[in-house]
$ cat work06.cif   # mmCIF, C-alpha atoms
data_query
#
loop_
_atom_site.group_PDB
_atom_site.id
_atom_site.type_symbol
_atom_site.label_atom_id
_atom_site.label_comp_id
_atom_site.auth_asym_id
_atom_site.auth_seq_id
_atom_site.Cartn_x
_atom_site.Cartn_y
_atom_site.Cartn_z
ATOM 1 C CA MET A 88 0.000 0.000 0.000
ATOM 2 C CA PRO A 89 2.755 2.586 0.752
ATOM 3 C CA GLU A 90 4.276 1.859 -2.688
ATOM 4 C CA GLN A 91 0.978 2.684 -4.365
ATOM 5 C CA LEU A 92 0.649 5.875 -2.345
ATOM 6 C CA LEU A 93 4.110 6.987 -3.460
ATOM 7 C CA GLN A 94 3.256 6.121 -7.064
ATOM 8 C CA PHE A 95 -0.010 8.084 -6.903
ATOM 9 C CA LEU A 96 1.829 11.011 -5.316
ATOM 10 C CA ALA A 97 4.533 11.036 -8.011
ATOM 11 C CA THR A 98 1.964 10.708 -10.795
ATOM 12 C CA GLY A 99 -0.224 13.458 -9.325
ATOM 13 C CA ILE A 100 2.694 15.857 -8.971
ATOM 14 C CA THR A 101 3.823 15.124 -12.532
ATOM 15 C CA ILE A 102 0.392 15.571 -14.126
ATOM 16 C CA GLY A 103 -0.328 18.622 -11.956
ATOM 17 C CA SER A 104 2.955 20.190 -13.049
ATOM 18 C CA ILE A 105 2.023 19.700 -16.700
ATOM 19 C CA TYR A 106 -1.365 21.350 -16.131
ATOM 20 C CA ALA A 107 0.351 24.209 -14.294
ATOM 21 C CA LEU A 108 2.721 24.769 -17.221
ATOM 22 C CA VAL A 109 -0.189 24.811 -19.674
ATOM 23 C CA GLY A 110 -1.998 27.315 -17.441
ATOM 24 C CA LEU A 111 1.111 29.490 -17.289
ATOM 25 C CA GLY A 112 1.250 29.344 -21.077
ATOM 26 C CA PHE A 113 -2.326 30.605 -21.300
ATOM 27 C CA ALA A 114 -1.543 33.434 -18.882
ATOM 28 C CA LEU A 115 1.714 34.443 -20.594
ATOM 29 C CA ILE A 116 0.202 34.493 -24.063
ATOM 30 C CA TYR A 117 -2.822 36.472 -22.932
ATOM 31 C CA ASN A 118 -0.759 39.013 -20.978
ATOM 32 C CA ALA A 119 1.737 39.456 -23.822
ATOM 33 C CA SER A 120 -0.719 39.704 -26.715
ATOM 34 C CA ASP A 121 -4.232 40.186 -25.293
ATOM 35 C CA VAL A 122 -5.267 37.106 -27.294
ATOM 36 C CA VAL A 123 -6.856 34.040 -25.748
ATOM 37 C CA ASN A 124 -5.083 31.240 -27.614
ATOM 38 C CA PHE A 125 -7.533 28.376 -28.025
ATOM 39 C CA ALA A 126 -4.800 26.422 -29.835
ATOM 40 C CA GLN A 127 -2.739 26.111 -26.638
ATOM 41 C CA GLY A 128 -3.738 22.492 -26.079
ATOM 42 C CA GLU A 129 -2.798 21.606 -29.636
ATOM 43 C CA PHE A 130 0.652 23.089 -29.087
ATOM 44 C CA VAL A 131 1.086 20.820 -26.066
ATOM 45 C CA MET A 132 -0.018 17.858 -28.190
ATOM 46 C CA LEU A 133 2.295 18.886 -31.044
ATOM 47 C CA GLY A 134 5.271 19.020 -28.690
ATOM 48 C CA ALA A 135 4.452 15.609 -27.246
ATOM 49 C CA MET A 136 3.917 14.003 -30.645
ATOM 50 C CA ALA A 137 7.098 15.536 -32.031
ATOM 51 C CA THR A 138 9.022 14.198 -29.027
ATOM 52 C CA VAL A 139 7.674 10.689 -29.617
ATOM 53 C CA ALA A 140 8.467 10.912 -33.340
ATOM 54 C CA LEU A 141 12.019 12.108 -32.721
ATOM 55 C CA LEU A 142 12.541 9.365 -30.139
ATOM 56 C CA ASN A 143 11.299 6.782 -32.633
ATOM 57 C CA ALA A 144 13.748 8.245 -35.168
ATOM 58 C CA GLY A 145 16.574 7.295 -32.799
ATOM 59 C CA LEU A 146 17.373 10.536 -31.009
ATOM 60 C CA PRO A 147 18.067 10.408 -27.267
ATOM 61 C CA LEU A 148 15.328 11.748 -24.993
ATOM 62 C CA VAL A 149 17.054 15.066 -24.226
ATOM 63 C CA LEU A 150 17.663 15.854 -27.900
ATOM 64 C CA ALA A 151 14.152 14.726 -28.840
ATOM 65 C CA GLY A 152 12.684 17.036 -26.198
ATOM 66 C CA LEU A 153 14.810 19.976 -27.329
ATOM 67 C CA GLY A 154 13.997 19.331 -30.979
ATOM 68 C CA ALA A 155 10.283 19.093 -30.236
ATOM 69 C CA THR A 156 10.447 22.312 -28.226
ATOM 70 C CA LEU A 157 12.142 24.110 -31.105
ATOM 71 C CA LEU A 158 9.647 22.720 -33.628
ATOM 72 C CA THR A 159 6.676 23.751 -31.484
ATOM 73 C CA ALA A 160 8.144 27.222 -30.951
ATOM 74 C CA LEU A 161 8.642 27.548 -34.719
ATOM 75 C CA VAL A 162 5.011 26.595 -35.367
ATOM 76 C CA GLY A 163 3.935 29.127 -32.730
ATOM 77 C CA LEU A 164 6.028 31.846 -34.362
ATOM 78 C CA LEU A 165 4.547 31.003 -37.760
ATOM 79 C CA LEU A 166 1.035 31.175 -36.309
ATOM 80 C CA GLU A 167 1.820 34.548 -34.776
ATOM 81 C CA ARG A 168 3.371 35.897 -37.963
ATOM 82 C CA PHE A 169 0.818 34.662 -40.493
ATOM 83 C CA ALA A 170 -2.446 34.465 -38.536
ATOM 84 C CA ILE A 171 -2.422 36.548 -35.351
ATOM 85 C CA GLU A 172 -0.386 39.546 -36.545
ATOM 86 C CA PRO A 173 -2.518 40.192 -39.671
ATOM 87 C CA ALA A 174 -5.588 40.218 -37.410
ATOM 88 C CA ALA A 175 -4.094 42.919 -35.184
ATOM 89 C CA GLY A 176 -6.631 45.591 -34.445
ATOM 90 C CA ALA A 177 -9.523 43.288 -35.281
ATOM 91 C CA SER A 178 -12.236 42.508 -32.779
ATOM 92 C CA VAL A 179 -11.706 40.031 -29.969
ATOM 93 C CA VAL A 180 -14.139 37.645 -31.632
ATOM 94 C CA SER A 181 -12.017 37.662 -34.804
ATOM 95 C CA THR A 182 -8.839 36.725 -32.933
ATOM 96 C CA ILE A 183 -10.715 34.008 -31.062
ATOM 97 C CA ILE A 184 -11.924 32.597 -34.384
ATOM 98 C CA VAL A 185 -8.363 32.704 -35.743
ATOM 99 C CA THR A 186 -7.010 30.720 -32.774
ATOM 100 C CA ILE A 187 -9.876 28.196 -32.961
ATOM 101 C CA GLY A 188 -9.123 27.781 -36.666
ATOM 102 C CA ALA A 189 -5.448 27.283 -35.858
ATOM 103 C CA ALA A 190 -6.391 24.638 -33.289
ATOM 104 C CA ILE A 191 -8.483 22.760 -35.856
ATOM 105 C CA PHE A 192 -5.695 23.041 -38.426
ATOM 106 C CA LEU A 193 -2.997 21.791 -36.019
ATOM 107 C CA ARG A 194 -5.182 18.896 -34.893
ATOM 108 C CA GLY A 195 -5.769 17.897 -38.511
ATOM 109 C CA VAL A 196 -2.071 18.045 -39.389
ATOM 110 C CA VAL A 197 -1.159 15.919 -36.370
ATOM 111 C CA LEU A 198 -3.859 13.380 -37.285
ATOM 112 C CA LEU A 199 -2.487 13.169 -40.830
ATOM 113 C CA LEU A 200 1.112 12.792 -39.680
ATOM 114 C CA TRP A 201 0.726 10.460 -36.698
ATOM 115 C CA GLY A 202 -2.773 8.977 -36.917
ATOM 116 C CA LYS A 203 -5.359 8.466 -34.198
ATOM 117 C CA GLY A 204 -3.571 5.693 -32.294
ATOM 118 C CA PHE A 205 -2.058 5.951 -28.838
ATOM 119 C CA HIS A 206 1.582 7.007 -28.609
ATOM 120 C CA ALA A 207 3.725 6.780 -25.500
ATOM 121 C CA LEU A 208 7.167 7.734 -24.369
ATOM 122 C CA PRO A 209 9.338 4.902 -23.109
ATOM 123 C CA PRO A 210 9.950 4.807 -19.347
ATOM 124 C CA PHE A 211 12.655 7.267 -18.305
ATOM 125 C CA THR A 212 13.996 4.986 -15.585
ATOM 126 C CA GLY A 213 14.258 1.762 -17.564
ATOM 127 C CA ASP A 214 11.923 -1.205 -17.723
ATOM 128 C CA THR A 215 11.999 -2.111 -14.041
ATOM 129 C CA PRO A 216 9.907 -0.108 -11.581
ATOM 130 C CA ILE A 217 11.589 1.938 -8.864
ATOM 131 C CA GLN A 218 11.196 0.246 -5.497
#

$ encode --input "work06.cif" --output "structure tokens"
Amino acid sequence: MPEQLLQFLATGITIGSIYALVGLGFALIYNASDVVNFAQGEFVMLGAMATVALLNAGLPLVLAGLGATLLTALVGLLLERFAIEPAAGASVVSTIIVTIGAAIFLRGVVLLLWGKGFHALPPFTGDTPIQ
């Protein structure tokens, strides 16, 4: 029973930290640009899927994570440059529609590239559980 409690605690802290980072992303983007980015979740998914793809291509975990971060940042910069910036000065509803459209577009691209199946990262600590 204590082992399960420690596992639940570690899992809860890990998942909670991910949600906190996503929430910070929402806050940073809104405070910097006054745009509510409804594509934020798709950027998280894109980073995760790119990490899995780079790992499957043979890169080590650290390089795969850095590469996925750079790729996701590049996609974010492209979205800003070609979708958000041209809508500058438009109504709030227009920018919301642009970010919802970007979310739908990113989701579609990821579905085309990686499919609908489940993808997982390999265990960071090896195949044997920590005891």

$ atom_distance --input "work06.cif" --atom1 "CA of Gly103 (chain A)" --atom2 "CA of Ile116 (chain A)"
20.0 Å

$ closest_residue --input "work06.cif" --among "A:Thr138, A:Ser181, A:Asn118, A:Ser104" --to "Trp201 (chain A)" --atoms "only C-alpha atoms"
A:Thr138

$ atom_distance --input "work06.cif" --atom1 "CA of Pro210 (chain A)" --atom2 "CA of Gly154 (chain A)"
19.0 Å

$ closest_residue --input "work06.cif" --among "A:Met132, A:Ile102, A:Ala97, A:Ile184" --to "Val196 (chain A)" --atoms "only C-alpha atoms"
A:Met132

$ residues_around --input "work06.cif" --residues "Glu167 (chain A)" --least-positions-apart "6" --cutoff "10 Å" --atoms "all atoms listed in the file" --output "JSON list (two decimals) with C-alpha atoms, in the frame of the given file"
[["chain", "number", "residue", "atom", "x", "y", "z"],
["A", 120, "SER", "CA", -0.72, 39.70, -26.72],
["A", 161, "LEU", "CA", 8.64, 27.55, -34.72],
["A", 173, "PRO", "CA", -2.52, 40.19, -39.67],
["A", 174, "ALA", "CA", -5.59, 40.22, -37.41],
["A", 186, "THR", "CA", -7.01, 30.72, -32.77]]

$ resolve_selection --input "work06.cif" --expression "the PyMOL selection byres ((chain A and resi 168-172) around 10)" --output "list in words"
Ser120, Val122, Asn124, Val162, Gly163, Leu164, Leu165, Leu166, Glu167, Pro173, Ala174, Ala175, Gly176, Ala177, Ser181, Thr182, Ile183, Val185, Thr186, Gly188 and Ala189 of chain A

$ write_last_selection --input "work06.cif" --atoms "C-alpha atoms" --output "JSON list (two decimals), in the coordinates of the input"
[["chain", "number", "residue", "atom", "x", "y", "z"],
["A", 120, "SER", "CA", -0.72, 39.70, -26.72],
["A", 122, "VAL", "CA", -5.27, 37.11, -27.29],
["A", 124, "ASN", "CA", -5.08, 31.24, -27.61],
["A", 162, "VAL", "CA", 5.01, 26.60, -35.37],
["A", 163, "GLY", "CA", 3.94, 29.13, -32.73],
["A", 164, "LEU", "CA", 6.03, 31.85, -34.36],
["A", 165, "LEU", "CA", 4.55, 31.00, -37.76],
["A", 166, "LEU", "CA", 1.03, 31.18, -36.31],
["A", 167, "GLU", "CA", 1.82, 34.55, -34.78],
["A", 173, "PRO", "CA", -2.52, 40.19, -39.67],
["A", 174, "ALA", "CA", -5.59, 40.22, -37.41],
["A", 175, "ALA", "CA", -4.09, 42.92, -35.18],
["A", 176, "GLY", "CA", -6.63, 45.59, -34.44],
["A", 177, "ALA", "CA", -9.52, 43.29, -35.28],
["A", 181, "SER", "CA", -12.02, 37.66, -34.80],
["A", 182, "THR", "CA", -8.84, 36.72, -32.93],
["A", 183, "ILE", "CA", -10.72, 34.01, -31.06],
["A", 185, "VAL", "CA", -8.36, 32.70, -35.74],
["A", 186, "THR", "CA", -7.01, 30.72, -32.77],
["A", 188, "GLY", "CA", -9.12, 27.78, -36.67],
["A", 189, "ALA", "CA", -5.45, 27.28, -35.86]]

$ atom_distance --input "work06.cif" --atom1 "CA of Ala114 (chain A)" --atom2 "CA of Gly128 (chain A)"
13.3 Å

$ residues_near_point --input "work06.cif" --point "(-6.5, 23.9, -34.1)" --cutoff "9 Å" --atoms "all atoms listed in the file" --output "list in words"
Phe125, Ala126, Gln127, Gly128, Glu129, Phe130, Thr186, Ile187, Gly188, Ala189, Ala190, Ile191, Phe192, Leu193, Arg194 and Gly195 of chain A

$ closest_residue --input "work06.cif" --among "A:Ala155, A:Val123, A:Val180, A:Leu148" --to "Met136 (chain A)" --atoms "all atoms listed in the file"
A:Ala155

$ residues_around --input "work06.cif" --residues "Ile105 (chain A)" --least-positions-apart "4" --cutoff "12 Å" --atoms "all atoms listed in the file" --output "count of residues only"
12

$ residues_around --input "work06.cif" --residues "Ala140 (chain A)" --least-positions-apart "6" --cutoff "10 Å" --atoms "all atoms listed in the file" --output "list in words"
Gly134, Leu146, Ala151, Ala155, Leu200, Trp201, His206 and Leu208 of chain A

$ closest_residue --input "work06.cif" --among "A:Ala160, A:Ala119, A:Ala107, A:Val149" --to "Leu133 (chain A)" --atoms "only C-alpha atoms"
A:Ala160

$ closest_residue --input "work06.cif" --among "A:Ala137, A:Ala144, A:Leu115, A:Val179" --to "Thr159 (chain A)" --atoms "all atoms listed in the file"
A:Ala137

$ closest_residue --input "work06.cif" --among "A:Leu142, A:Asp121, A:Phe113, A:Leu96" --to "Ala207 (chain A)" --atoms "only C-alpha atoms"
A:Leu142

$ axis_aligned_box --input "work06.cif" --around "region 95-103 of chain A" --padding-each-side "8 Å" --output "AutoDock Vina command-line options"
--center_x 2.1 --center_y 13.4 --center_z -9.7 --size_x 20.9 --size_y 26.5 --size_z 24.8
